[in-house]
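S.K.: Below: one structure in structure tokens.
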Amino acid sequence: PQSRSAARDDDDDDDEPSSPVLVRTPHELASHASSNRIRNYLFDCDGVLYRGTDPMPSASRTIQSLLESGRRVFFVTNNAASSRTELKQKLEKVLKCPEGLLEEEMMIGSAYAAARYLRSRLASDDDDDAPRRVHVVGTSGLRRELESAGFDVSGGPDPADAPRGMSRDELAEYGFPEGQIDAMVIGLDNDFNYRKLCIATVLLQRNPDAILVATNRDAFDLVGYDARHLPGNGALVSAVEAASGRTAINVGKPSPLLAVWMMEEYDLKGDETMMVGDRLDTDVRFGNVGGMESALVLTGCTMAKEIEELIQGAKNDDTGGEEYREMMPAVVFPHVGYMSQL
């Protein structure tokens with residue numbers, strides 16, 4: 001699909017990049033959504049609907065109002081730690097949603113995106129009924145999602161007493177019980193270590209045709225009162241890529257693969273769909289490259305100062321500003337509660 005940012009700029013009379021609409025009241029946002037005929041809403045989760053286990057202002061009322069009014073709602077997260085079932089359970093608990101309001105098909109986590117992508121790539125045309133084998137760097141939730149898709153899975157969390165390092169001699173003698181693999185999926189692993197990196201690297205060396213998939217390439221998240229950078233899955237993916245010489249396929253936001261699949265799978269039209277997120281490089285870019293309306297809330301990773309810098313950078317860029325345009329939201333508002341009157 002044509003990117004939404006490019007489409008907006010095509011409508012402009014001059015070469016200045018489009019600036020986002022800064023919404024001051026819920027009524028203004030309702031008017032904006034109505035005039036743009038938005039019927040479908042895609043939400044990032046952490047930083048938009050909740051922070052940890054704390055809901056954002058009026059997040060529950062917003063989701064209930066949208067669903068009860070007949071809008072279609074999906075939850076699109078790069079967090080690969082949870083299966084669809086687990087994500088649904090968390091949303092129901094944190095947002096205190098009435099029983100039956102949320103459905104599992106609304107949950108589009110990057111673990112599920114990876115499973116769906118590999119099912120399409122590894123579909124067998126022969127009569128071999130043996131399940132395809134996938135090695136995981138990631139959590140038990142990622143393992144479960146892949147197992148639910150019919151894959152034979154190795155890797156994932158280690159036992160508590162498992163060694164964390166690996167010497168040259170240990171790697172030389174390692175028997176690789178993982179065997180032959182058809183794919184490897186890398187998701188955020190808080191217990192990632194040198195041993196896992198060694199095993200992943202040699203598995204890719206031994207299986208040059210194995211598909212290497214990243215659930216996302218997020219560089220970092222913010223934690224603490226002073227916004228400390230918590231390394232994201234992108235750091236793990238880069239480590240495996242550097243050691244193996246391979247390049248991973250990103251199936252999470254802002255991948256066009258995910259956008260195209262969602263449009264086709266759920267019969268969505270980009271110009272009737274709004275992506276609501278808190279990150280410029282993933283959420284907003286995903287909406288724009290997918291031909292959707294992109295909305296930014298200021299309750300997560302992106303601050304107002306960064307939007308000002310983005311606008312100024314786009315104006316000063318002498319290469320056409322496409323990199324800036326892809327991250328330019330169409331609309332900005334303080335928090336998701338502003339959507340409760342849509």
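As shown in the structure tokens, the chain order sets the letters A, B, ...; within each chain, residues go from 1, and ligands are also counted from 1 in the order they appear.
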Within 8 Å of Asn79 in chain A, counting only C-alpha atoms, which residues show up once you throw out same-chain ones fewer than 5 positions away? Write them as a list of chain:residue names, please.

M.R.: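 Returned residues: A:Gly109, A:Ser110, A:Ala111, A:Leu188.
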
S.K.: Output C-alpha atoms for every residue in the selection just made, as a short mmCIF file (atom, residue, chain, number, x, y, z; two decimals), in the first residue's frame.

M.R.:
```cif
data_model
loop_
_atom_site.label_atom_id
_atom_site.label_comp_id
_atom_site.auth_asym_id
_atom_site.auth_seq_id
_atom_site.Cartn_x
_atom_site.Cartn_y
_atom_site.Cartn_z
CA GLY A 109 1.35 -10.06 19.22
CA SER A 110 4.68 -10.38 17.44
CA ALA A 111 4.96 -14.00 18.61
CA LEU A 188 13.27 -10.57 23.76
#
```

S.K.: Give me the residues within 12 Å of Phe176 in chain A as a list in words, counting only C-alpha atoms and dropping any in the same chain fewer than 3 places off.

M.R.: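 Once the nearby chain positions are removed, what remains is His135, Ser154, Gly155, Glu170, Leu171, Ala172, Glu173, Gly179, Gln180, Ile181, Lys196, Cys198, Ile199, Ala200, Thr201, Val202, Leu203, Leu204 and Arg206 of chain A.
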
S.K.: Go ahead and write the residues just picked, all heavy atoms, as a compact mmCIF listing (two decimals), in the first residue's frame.

M.R.:
```
# COMPACT_ATOMS: atom_id res chain seq x y z
N HIS A 135 13.94 -23.16 16.17
CA HIS A 135 14.70 -22.87 17.39
C HIS A 135 14.36 -21.47 17.87
O HIS A 135 14.26 -20.52 17.07
CB HIS A 135 16.21 -22.97 17.13
CG HIS A 135 17.04 -22.76 18.36
ND1 HIS A 135 17.17 -23.72 19.33
CD2 HIS A 135 17.76 -21.68 18.78
CE1 HIS A 135 17.96 -23.26 20.30
NE2 HIS A 135 18.31 -22.02 19.99
N SER A 154 12.63 -25.99 19.72
CA SER A 154 13.75 -26.14 20.65
C SER A 154 14.12 -24.76 21.18
O SER A 154 13.66 -23.73 20.67
CB SER A 154 14.96 -26.77 19.94
OG SER A 154 15.43 -25.93 18.90
N GLY A 155 14.97 -24.73 22.20
CA GLY A 155 15.40 -23.45 22.74
C GLY A 155 14.40 -22.86 23.71
O GLY A 155 13.55 -23.55 24.26
N GLU A 170 34.18 -25.92 25.07
CA GLU A 170 32.79 -26.36 25.26
C GLU A 170 32.00 -26.28 23.96
O GLU A 170 31.21 -27.19 23.65
CB GLU A 170 32.13 -25.51 26.34
CG GLU A 170 32.60 -25.81 27.74
CD GLU A 170 32.06 -24.83 28.76
OE1 GLU A 170 31.83 -23.65 28.40
OE2 GLU A 170 31.86 -25.24 29.93
N LEU A 171 32.21 -25.23 23.20
CA LEU A 171 31.51 -25.12 21.92
C LEU A 171 31.98 -26.20 20.95
O LEU A 171 31.17 -26.79 20.22
CB LEU A 171 31.73 -23.73 21.30
CG LEU A 171 31.05 -23.49 19.95
CD1 LEU A 171 29.54 -23.69 20.06
CD2 LEU A 171 31.36 -22.10 19.42
N ALA A 172 33.27 -26.48 20.95
CA ALA A 172 33.83 -27.50 20.06
C ALA A 172 33.24 -28.89 20.37
O ALA A 172 33.08 -29.72 19.47
CB ALA A 172 35.35 -27.53 20.17
N GLU A 173 32.91 -29.12 21.64
CA GLU A 173 32.42 -30.44 22.06
C GLU A 173 30.89 -30.51 22.15
O GLU A 173 30.34 -31.60 22.35
CB GLU A 173 33.03 -30.80 23.42
CG GLU A 173 34.55 -30.95 23.39
CD GLU A 173 35.14 -31.14 24.78
OE1 GLU A 173 34.34 -31.18 25.75
OE2 GLU A 173 36.37 -31.22 24.90
N GLY A 179 19.43 -30.42 16.79
CA GLY A 179 19.30 -31.07 15.49
C GLY A 179 19.14 -30.08 14.35
O GLY A 179 19.45 -28.90 14.47
N GLN A 180 18.62 -30.58 13.23
CA GLN A 180 18.39 -29.73 12.07
C GLN A 180 17.20 -28.82 12.33
O GLN A 180 16.19 -29.24 12.90
CB GLN A 180 18.12 -30.59 10.84
CG GLN A 180 17.90 -29.78 9.56
CD GLN A 180 17.71 -30.67 8.36
OE1 GLN A 180 17.98 -31.88 8.41
NE2 GLN A 180 17.23 -30.09 7.26
N ILE A 181 17.31 -27.55 11.92
CA ILE A 181 16.20 -26.61 12.11
C ILE A 181 15.79 -26.01 10.76
O ILE A 181 16.59 -25.93 9.83
CB ILE A 181 16.56 -25.47 13.08
CG1 ILE A 181 17.72 -24.62 12.55
CG2 ILE A 181 16.87 -26.02 14.47
CD1 ILE A 181 17.96 -23.33 13.33
N LYS A 196 23.79 -18.88 24.73
CA LYS A 196 22.69 -18.89 23.77
C LYS A 196 23.14 -18.30 22.43
O LYS A 196 22.72 -18.76 21.37
CB LYS A 196 21.50 -18.11 24.33
CG LYS A 196 20.82 -18.78 25.51
CD LYS A 196 19.61 -17.99 25.97
CE LYS A 196 18.92 -18.69 27.14
NZ LYS A 196 17.69 -17.97 27.58
N CYS A 198 26.20 -18.41 21.19
CA CYS A 198 27.05 -19.40 20.53
C CYS A 198 26.21 -20.47 19.84
O CYS A 198 26.45 -20.84 18.69
CB CYS A 198 27.99 -20.06 21.55
SG CYS A 198 29.33 -19.00 22.13
N ILE A 199 25.21 -20.99 20.56
CA ILE A 199 24.37 -22.06 20.02
C ILE A 199 23.59 -21.56 18.81
O ILE A 199 23.52 -22.23 17.76
CB ILE A 199 23.42 -22.59 21.11
CG1 ILE A 199 24.24 -23.32 22.18
CG2 ILE A 199 22.36 -23.52 20.51
CD1 ILE A 199 23.43 -23.70 23.42
N ALA A 200 23.00 -20.37 18.91
CA ALA A 200 22.24 -19.81 17.80
C ALA A 200 23.12 -19.61 16.57
O ALA A 200 22.73 -19.90 15.44
CB ALA A 200 21.59 -18.50 18.22
N THR A 201 24.34 -19.11 16.79
CA THR A 201 25.25 -18.82 15.69
C THR A 201 25.61 -20.09 14.92
O THR A 201 25.55 -20.13 13.68
CB THR A 201 26.53 -18.16 16.21
OG1 THR A 201 26.18 -16.94 16.87
CG2 THR A 201 27.51 -17.87 15.08
N VAL A 202 25.95 -21.15 15.63
CA VAL A 202 26.36 -22.39 14.97
C VAL A 202 25.16 -23.10 14.34
O VAL A 202 25.29 -23.73 13.28
CB VAL A 202 27.12 -23.31 15.95
CG1 VAL A 202 27.52 -24.61 15.26
CG2 VAL A 202 28.36 -22.60 16.47
N LEU A 203 24.00 -23.01 14.96
CA LEU A 203 22.81 -23.59 14.34
C LEU A 203 22.55 -22.95 12.97
O LEU A 203 22.19 -23.64 12.01
CB LEU A 203 21.59 -23.40 15.25
CG LEU A 203 21.44 -24.39 16.40
CD1 LEU A 203 20.28 -23.98 17.30
CD2 LEU A 203 21.23 -25.80 15.88
N LEU A 204 22.71 -21.64 12.87
CA LEU A 204 22.53 -20.98 11.58
C LEU A 204 23.64 -21.36 10.61
O LEU A 204 23.40 -21.47 9.40
CB LEU A 204 22.48 -19.46 11.78
CG LEU A 204 21.24 -18.93 12.50
CD1 LEU A 204 21.40 -17.45 12.83
CD2 LEU A 204 19.99 -19.15 11.66
N ARG A 206 25.12 -24.27 10.55
CA ARG A 206 24.84 -25.65 10.13
C ARG A 206 23.58 -25.76 9.27
O ARG A 206 23.41 -26.75 8.57
CB ARG A 206 24.68 -26.54 11.37
CG ARG A 206 25.96 -26.78 12.13
CD ARG A 206 25.73 -27.77 13.25
NE ARG A 206 26.98 -28.27 13.80
CZ ARG A 206 27.08 -29.39 14.53
NH1 ARG A 206 25.99 -30.09 14.80
NH2 ARG A 206 28.24 -29.79 14.97
```

S.K.: So that I can see what lies close to Arg217 in chain A, please list as a ChimeraX atom specification the residues with an atom at most 12 Å from it, counting only C-alpha atoms and leaving out residues fewer than 3 positions away in the same chain.

M.R.: /A:78-80,110,186-188,213-214,220-221,231-239,241,247-255,281-282

S.K.: Using C-alpha atoms, can you export the residues from the last selection as a tab-separated table (two decimals), in the first residue's frame?

M.R.:
```tsv
chain	number	residue	atom	x	y	z
A	78	ASN	CA	5.83	-6.06	19.57
A	79	ASN	CA	5.98	-7.83	22.92
A	80	ALA	CA	6.68	-11.45	22.02
A	110	SER	CA	4.68	-10.38	17.44
A	186	ILE	CA	14.50	-14.27	18.11
A	187	GLY	CA	12.32	-12.58	20.70
A	188	LEU	CA	13.27	-10.57	23.76
A	213	VAL	CA	13.00	-14.21	12.01
A	214	ALA	CA	12.99	-11.28	14.46
A	220	PHE	CA	15.13	-0.02	23.82
A	221	ASP	CA	12.28	0.70	26.20
A	231	PRO	CA	17.85	-2.75	25.80
A	232	GLY	CA	15.24	-4.23	23.50
A	233	ASN	CA	15.08	-7.21	21.18
A	234	GLY	CA	16.93	-5.29	18.48
A	235	ALA	CA	20.11	-5.63	20.53
A	236	LEU	CA	19.75	-9.43	20.62
A	237	VAL	CA	18.94	-9.62	16.92
A	238	SER	CA	21.98	-7.52	16.06
A	239	ALA	CA	24.23	-9.80	18.12
A	241	GLU	CA	23.27	-11.15	12.90
A	247	THR	CA	20.03	-10.80	8.25
A	248	ALA	CA	16.78	-11.39	10.13
A	249	ILE	CA	13.33	-10.81	8.68
A	250	ASN	CA	11.37	-8.48	10.95
A	251	VAL	CA	7.72	-9.52	11.32
A	252	GLY	CA	6.78	-7.01	14.03
A	253	LYS	CA	6.04	-3.30	13.74
A	254	PRO	CA	6.90	-1.41	11.56
A	255	SER	CA	7.22	-4.28	9.07
A	281	ASP	CA	9.93	4.45	14.94
A	282	THR	CA	7.58	1.47	15.32
```

S.K.: Any idea what's packed within 12 Å of Ser35 in chain A, counting only C-alpha atoms, ignoring anything in its chain fewer than 6 positions away? Could you give it as a list in words?

M.R.: Glu28, Leu29, Asp271, Glu272 and Leu342 of chain A

S.K.: Could you work out how far CA of Gly100 in chain A lies from CA of Met263 in chain A, giving the answer in Å with one decimal?

M.R.: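 Rounded to one decimal, the two atoms are 24.4 Å apart.
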
S.K.: Just want the 10 Å neighbourhood of Phe286 in chain A, counted on only C-alpha atoms, with same-chain residues fewer than 5 positions away dropped. Output as a CSV table (one decimal) with all heavy atoms, in the first residue's frame.

M.R.:
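Output below, filename result-v8.csv:
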```
chain,number,residue,atom,x,y,z
A,3,SER,N,2.2,4.6,1.3
A,3,SER,CA,2.3,5.1,2.7
A,3,SER,C,1.4,6.2,2.9
A,3,SER,O,1.2,7.1,2.1
A,3,SER,CB,3.8,5.5,3.0
A,3,SER,OG,4.1,6.7,2.4
A,4,ARG,N,0.9,6.3,4.2
A,4,ARG,CA,-0.1,7.4,4.5
A,4,ARG,C,0.6,8.7,4.4
A,4,ARG,O,0.0,9.7,4.0
A,4,ARG,CB,-0.7,7.1,5.9
A,4,ARG,CG,-1.8,8.0,6.3
A,4,ARG,CD,-3.1,7.7,5.5
A,4,ARG,NE,-4.2,8.5,6.0
A,4,ARG,CZ,-5.4,8.1,6.2
A,4,ARG,NH1,-5.6,6.8,6.0
A,4,ARG,NH2,-6.4,8.8,6.6
A,252,GLY,N,7.5,-7.9,13.1
A,252,GLY,CA,6.8,-7.0,14.0
A,252,GLY,C,6.7,-5.6,13.4
A,252,GLY,O,7.2,-5.3,12.4
A,253,LYS,N,6.1,-4.7,14.2
A,253,LYS,CA,6.0,-3.3,13.7
A,253,LYS,C,7.4,-2.7,13.6
A,253,LYS,O,8.3,-3.1,14.5
A,253,LYS,CB,5.2,-2.5,14.8
A,253,LYS,CG,3.8,-2.8,14.9
A,253,LYS,CD,3.1,-2.1,16.0
A,253,LYS,CE,3.6,-2.4,17.4
A,253,LYS,NZ,2.9,-1.7,18.5
A,254,PRO,N,7.8,-2.0,12.6
A,254,PRO,CA,6.9,-1.4,11.6
A,254,PRO,C,6.9,-2.2,10.2
A,254,PRO,O,6.7,-1.6,9.2
A,254,PRO,CB,7.5,0.0,11.3
A,254,PRO,CG,9.0,-0.3,11.5
A,254,PRO,CD,9.1,-1.4,12.5
A,255,SER,N,7.1,-3.5,10.3
A,255,SER,CA,7.2,-4.3,9.1
A,255,SER,C,6.0,-4.2,8.1
A,255,SER,O,4.9,-4.4,8.6
A,255,SER,CB,7.4,-5.8,9.4
A,255,SER,OG,7.4,-6.6,8.3
A,256,PRO,N,6.2,-3.9,6.9
A,256,PRO,CA,5.1,-3.9,5.9
A,256,PRO,C,4.5,-5.3,5.8
A,256,PRO,O,3.3,-5.4,5.4
A,256,PRO,CB,5.8,-3.5,4.6
A,256,PRO,CG,7.0,-2.8,5.0
A,256,PRO,CD,7.5,-3.4,6.2
A,258,LEU,N,3.7,-7.3,8.1
A,258,LEU,CA,2.6,-7.4,9.1
A,258,LEU,C,1.4,-6.5,8.7
A,258,LEU,O,0.3,-7.0,8.8
A,258,LEU,CB,3.1,-6.9,10.5
A,258,LEU,CG,2.1,-6.9,11.6
A,258,LEU,CD1,1.5,-8.3,11.9
A,258,LEU,CD2,2.7,-6.3,12.9
A,259,ALA,N,1.7,-5.4,8.2
A,259,ALA,CA,0.6,-4.5,7.7
A,259,ALA,C,-0.2,-5.1,6.6
A,259,ALA,O,-1.4,-5.2,6.6
A,259,ALA,CB,1.1,-3.1,7.3
A,275,MET,N,-3.9,3.6,13.5
A,275,MET,CA,-2.9,3.0,14.4
A,275,MET,C,-2.6,3.9,15.5
A,275,MET,O,-2.1,5.0,15.2
A,275,MET,CB,-1.6,2.6,13.6
A,275,MET,CG,-0.5,2.0,14.4
A,275,MET,SD,-0.9,0.4,15.1
A,275,MET,CE,-0.1,0.5,16.7
A,277,GLY,N,-0.3,4.6,18.8
A,277,GLY,CA,0.9,4.1,19.5
A,277,GLY,C,1.6,5.2,20.2
A,277,GLY,O,1.2,6.4,20.2
A,279,ARG,N,5.2,5.2,20.0
A,279,ARG,CA,6.6,5.3,19.5
A,279,ARG,C,6.5,5.7,18.0
A,279,ARG,O,5.7,5.2,17.2
A,279,ARG,CB,7.3,3.9,19.5
A,279,ARG,CG,7.5,3.4,20.9
A,279,ARG,CD,8.3,2.1,20.9
A,279,ARG,NE,9.7,2.3,20.5
A,279,ARG,CZ,10.7,1.9,21.2
A,279,ARG,NH1,10.6,1.2,22.3
A,279,ARG,NH2,11.9,2.1,20.7
A,280,LEU,N,7.5,6.6,17.7
A,280,LEU,CA,7.5,7.1,16.3
A,280,LEU,C,8.1,6.0,15.4
A,280,LEU,O,7.7,5.9,14.2
A,280,LEU,CB,8.4,8.4,16.2
A,280,LEU,CG,7.8,9.6,17.0
A,280,LEU,CD1,8.9,10.7,17.0
A,280,LEU,CD2,6.5,10.1,16.4
A,281,ASP,N,9.2,5.3,15.8
A,281,ASP,CA,9.9,4.4,14.9
A,281,ASP,C,9.2,3.1,14.7
A,281,ASP,O,9.6,2.4,13.7
A,281,ASP,CB,11.3,4.2,15.5
A,281,ASP,CG,11.3,3.6,16.9
A,281,ASP,OD1,10.3,3.7,17.6
A,281,ASP,OD2,12.3,3.0,17.3
A,291,GLY,N,-0.3,2.5,5.1
A,291,GLY,CA,-1.4,3.3,4.5
A,291,GLY,C,-2.5,3.6,5.4
A,291,GLY,O,-3.6,4.0,5.0
A,292,MET,N,-2.2,3.6,6.7
A,292,MET,CA,-3.2,3.9,7.7
A,292,MET,C,-3.1,5.3,8.3
A,292,MET,O,-2.1,6.0,8.0
A,292,MET,CB,-3.1,2.9,8.9
A,292,MET,CG,-3.2,1.5,8.6
A,292,MET,SD,-2.8,0.4,10.0
A,292,MET,CE,-1.4,-0.5,9.4
A,293,GLU,N,-4.0,5.8,9.0
A,293,GLU,CA,-3.9,7.0,9.8
A,293,GLU,C,-3.1,6.7,11.0
A,293,GLU,O,-3.4,5.7,11.7
A,293,GLU,CB,-5.3,7.5,10.2
A,293,GLU,CG,-5.3,8.8,11.0
A,293,GLU,CD,-5.5,10.0,10.1
A,293,GLU,OE1,-5.3,9.9,8.9
A,293,GLU,OE2,-5.8,11.1,10.6
A,294,SER,N,-2.1,7.5,11.3
A,294,SER,CA,-1.2,7.2,12.5
A,294,SER,C,-1.5,8.2,13.6
A,294,SER,O,-1.5,9.4,13.3
A,294,SER,CB,0.3,7.3,12.1
A,294,SER,OG,0.6,8.5,11.5
A,326,GLU,N,8.0,9.1,7.2
A,326,GLU,CA,7.5,7.8,7.7
A,326,GLU,C,7.2,7.8,9.2
A,326,GLU,O,6.4,7.0,9.6
A,326,GLU,CB,8.5,6.7,7.3
A,326,GLU,CG,8.5,6.4,5.8
A,326,GLU,CD,9.3,5.1,5.6
A,326,GLU,OE1,9.9,4.6,6.5
A,326,GLU,OE2,9.3,4.7,4.4
A,327,MET,N,7.9,8.7,9.9
A,327,MET,CA,7.7,8.7,11.4
A,327,MET,C,6.8,9.8,11.8
A,327,MET,O,6.6,10.1,13.0
A,327,MET,CB,9.0,8.7,12.1
A,327,MET,CG,9.9,7.5,11.9
A,327,MET,SD,11.2,7.4,13.1
A,327,MET,CE,12.2,8.8,12.5
```

S.K.: To test your reading of the structure, identify every residue in range 38-115 of chain A that backbone DSSP assigns to strand (DSSP E or B), and report it as a PDB file with C-alpha atoms, in the first residue's frame.

M.R.:
```
ATOM      1  CA  ASN A  40     -10.954   0.344  12.587  1.00  0.00           C
ATOM      2  CA  TYR A  41      -8.548   0.966  15.457  1.00  0.00           C
ATOM      3  CA  LEU A  42      -5.208  -0.738  16.069  1.00  0.00           C
ATOM      4  CA  PHE A  43      -3.687  -0.191  19.503  1.00  0.00           C
ATOM      5  CA  ASP A  46       2.352  -0.925  26.797  1.00  0.00           C
ATOM      6  CA  TYR A  50      -1.257   0.510  30.262  1.00  0.00           C
ATOM      7  CA  ARG A  51       2.163   0.889  31.797  1.00  0.00           C
ATOM      8  CA  ASP A  54      -1.429   0.241  35.625  1.00  0.00           C
ATOM      9  CA  PRO A  55      -4.109   1.297  33.104  1.00  0.00           C
ATOM     10  CA  ARG A  72     -13.306  -3.012  14.974  1.00  0.00           C
ATOM     11  CA  VAL A  73     -10.443  -3.079  17.460  1.00  0.00           C
ATOM     12  CA  PHE A  74      -7.109  -4.936  17.380  1.00  0.00           C
ATOM     13  CA  PHE A  75      -4.211  -4.966  19.807  1.00  0.00           C
ATOM     14  CA  VAL A  76      -0.890  -4.948  17.948  1.00  0.00           C
ATOM     15  CA  THR A  77       2.163  -5.322  20.161  1.00  0.00           C
ATOM     16  CA  MET A 107      -4.699 -10.055  19.712  1.00  0.00           C
ATOM     17  CA  ILE A 108      -1.832  -9.548  17.259  1.00  0.00           C
ATOM     18  CA  GLY A 109       1.350 -10.064  19.220  1.00  0.00           C
TER      19      GLY A 109
END
```

S.K.: Identify, with DSSP run on backbone atoms, the residues in range 113-194 of chain A assigned to helix (DSSP H, G or I), and express the list as a VMD selection string.

M.R.: chain A and resid 113 to 121 140 to 148 168 to 173 194

S.K.: What's the 8 Å shell around Tyr338 in chain A, counting only C-alpha atoms, without same-chain residues fewer than 3 positions away, as a short mmCIF file (atom, residue, chain, number, x, y, z; two decimals) with all heavy atoms, in the first residue's frame?

M.R.:
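The resulting file, selection-v6.cif, is reproduced below:
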```cif
data_model
loop_
_atom_site.label_atom_id
_atom_site.label_comp_id
_atom_site.auth_asym_id
_atom_site.auth_seq_id
_atom_site.Cartn_x
_atom_site.Cartn_y
_atom_site.Cartn_z
N THR A 25 -8.86 18.63 22.61
CA THR A 25 -10.02 18.13 23.36
C THR A 25 -10.50 16.83 22.74
O THR A 25 -10.28 16.57 21.55
CB THR A 25 -11.19 19.14 23.33
OG1 THR A 25 -11.69 19.23 21.99
CG2 THR A 25 -10.74 20.51 23.82
N PRO A 26 -11.17 15.98 23.52
CA PRO A 26 -11.77 14.76 22.97
C PRO A 26 -12.73 15.06 21.82
O PRO A 26 -12.82 14.27 20.87
CB PRO A 26 -12.49 14.14 24.16
CG PRO A 26 -11.73 14.63 25.35
CD PRO A 26 -11.31 16.03 25.00
N LEU A 29 -10.86 15.37 18.59
CA LEU A 29 -10.44 14.07 18.09
C LEU A 29 -11.61 13.33 17.45
O LEU A 29 -11.46 12.70 16.39
CB LEU A 29 -9.84 13.23 19.22
CG LEU A 29 -9.32 11.85 18.82
CD1 LEU A 29 -8.25 11.95 17.73
CD2 LEU A 29 -8.77 11.11 20.03
N THR A 62 -12.49 3.69 26.79
CA THR A 62 -12.27 3.87 25.36
C THR A 62 -12.49 2.58 24.59
O THR A 62 -13.20 2.55 23.58
CB THR A 62 -10.84 4.39 25.10
OG1 THR A 62 -10.73 5.72 25.59
CG2 THR A 62 -10.49 4.35 23.62
N PHE A 333 -2.32 13.37 20.51
CA PHE A 333 -3.14 13.77 21.65
C PHE A 333 -2.53 13.20 22.93
O PHE A 333 -1.72 12.27 22.89
CB PHE A 333 -4.60 13.35 21.48
CG PHE A 333 -4.81 11.95 21.00
CD1 PHE A 333 -5.06 10.90 21.88
CD2 PHE A 333 -4.80 11.66 19.64
CE1 PHE A 333 -5.28 9.62 21.44
CE2 PHE A 333 -5.03 10.37 19.18
CZ PHE A 333 -5.27 9.35 20.08
N PRO A 334 -2.91 13.76 24.09
CA PRO A 334 -2.21 13.43 25.34
C PRO A 334 -2.27 11.96 25.76
O PRO A 334 -1.27 11.37 26.15
CB PRO A 334 -2.89 14.33 26.38
CG PRO A 334 -3.41 15.48 25.59
CD PRO A 334 -3.84 14.90 24.28
N HIS A 335 -3.47 11.37 25.73
CA HIS A 335 -3.60 9.99 26.18
C HIS A 335 -4.81 9.34 25.52
O HIS A 335 -5.66 10.02 24.92
CB HIS A 335 -3.70 9.90 27.70
CG HIS A 335 -4.84 10.67 28.29
ND1 HIS A 335 -6.14 10.21 28.28
CD2 HIS A 335 -4.88 11.88 28.91
CE1 HIS A 335 -6.93 11.09 28.88
NE2 HIS A 335 -6.20 12.13 29.25
N GLN A 341 -14.81 9.33 23.41
CA GLN A 341 -16.01 9.94 22.85
C GLN A 341 -16.14 9.72 21.34
O GLN A 341 -16.97 10.35 20.70
CB GLN A 341 -16.00 11.44 23.15
CG GLN A 341 -16.07 11.77 24.64
CD GLN A 341 -16.11 13.26 24.90
OE1 GLN A 341 -16.49 14.05 24.04
NE2 GLN A 341 -15.72 13.65 26.11
#
```

S.K.: Set the distance at 10 Å and use only C-alpha atoms: which residues neighbour Ile307 in chain A once local chain neighbours fewer than 4 positions away are removed? I'd like the list as an MDAnalysis selection string.

M.R.: chainID A and resid 19:20 280 296 302:303 311:313 327:329 332

S.K.: For Leu118 in chain A, which residue out of A:Asn190, A:Glu178, A:Leu212, A:Arg228 is the nearest one, using only C-alpha atoms?

M.R.: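 Of the candidates, the smallest distance to Leu118 in chain A is held by A:Leu212.
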
S.K.: Can you tell me how far CA of Arg144 in chain A sits from CA of Asp189 in chain A, in Å to one decimal?

M.R.: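 Atom-to-atom, CA of Arg144 in chain A to CA of Asp189 in chain A, that is 14.6 Å.
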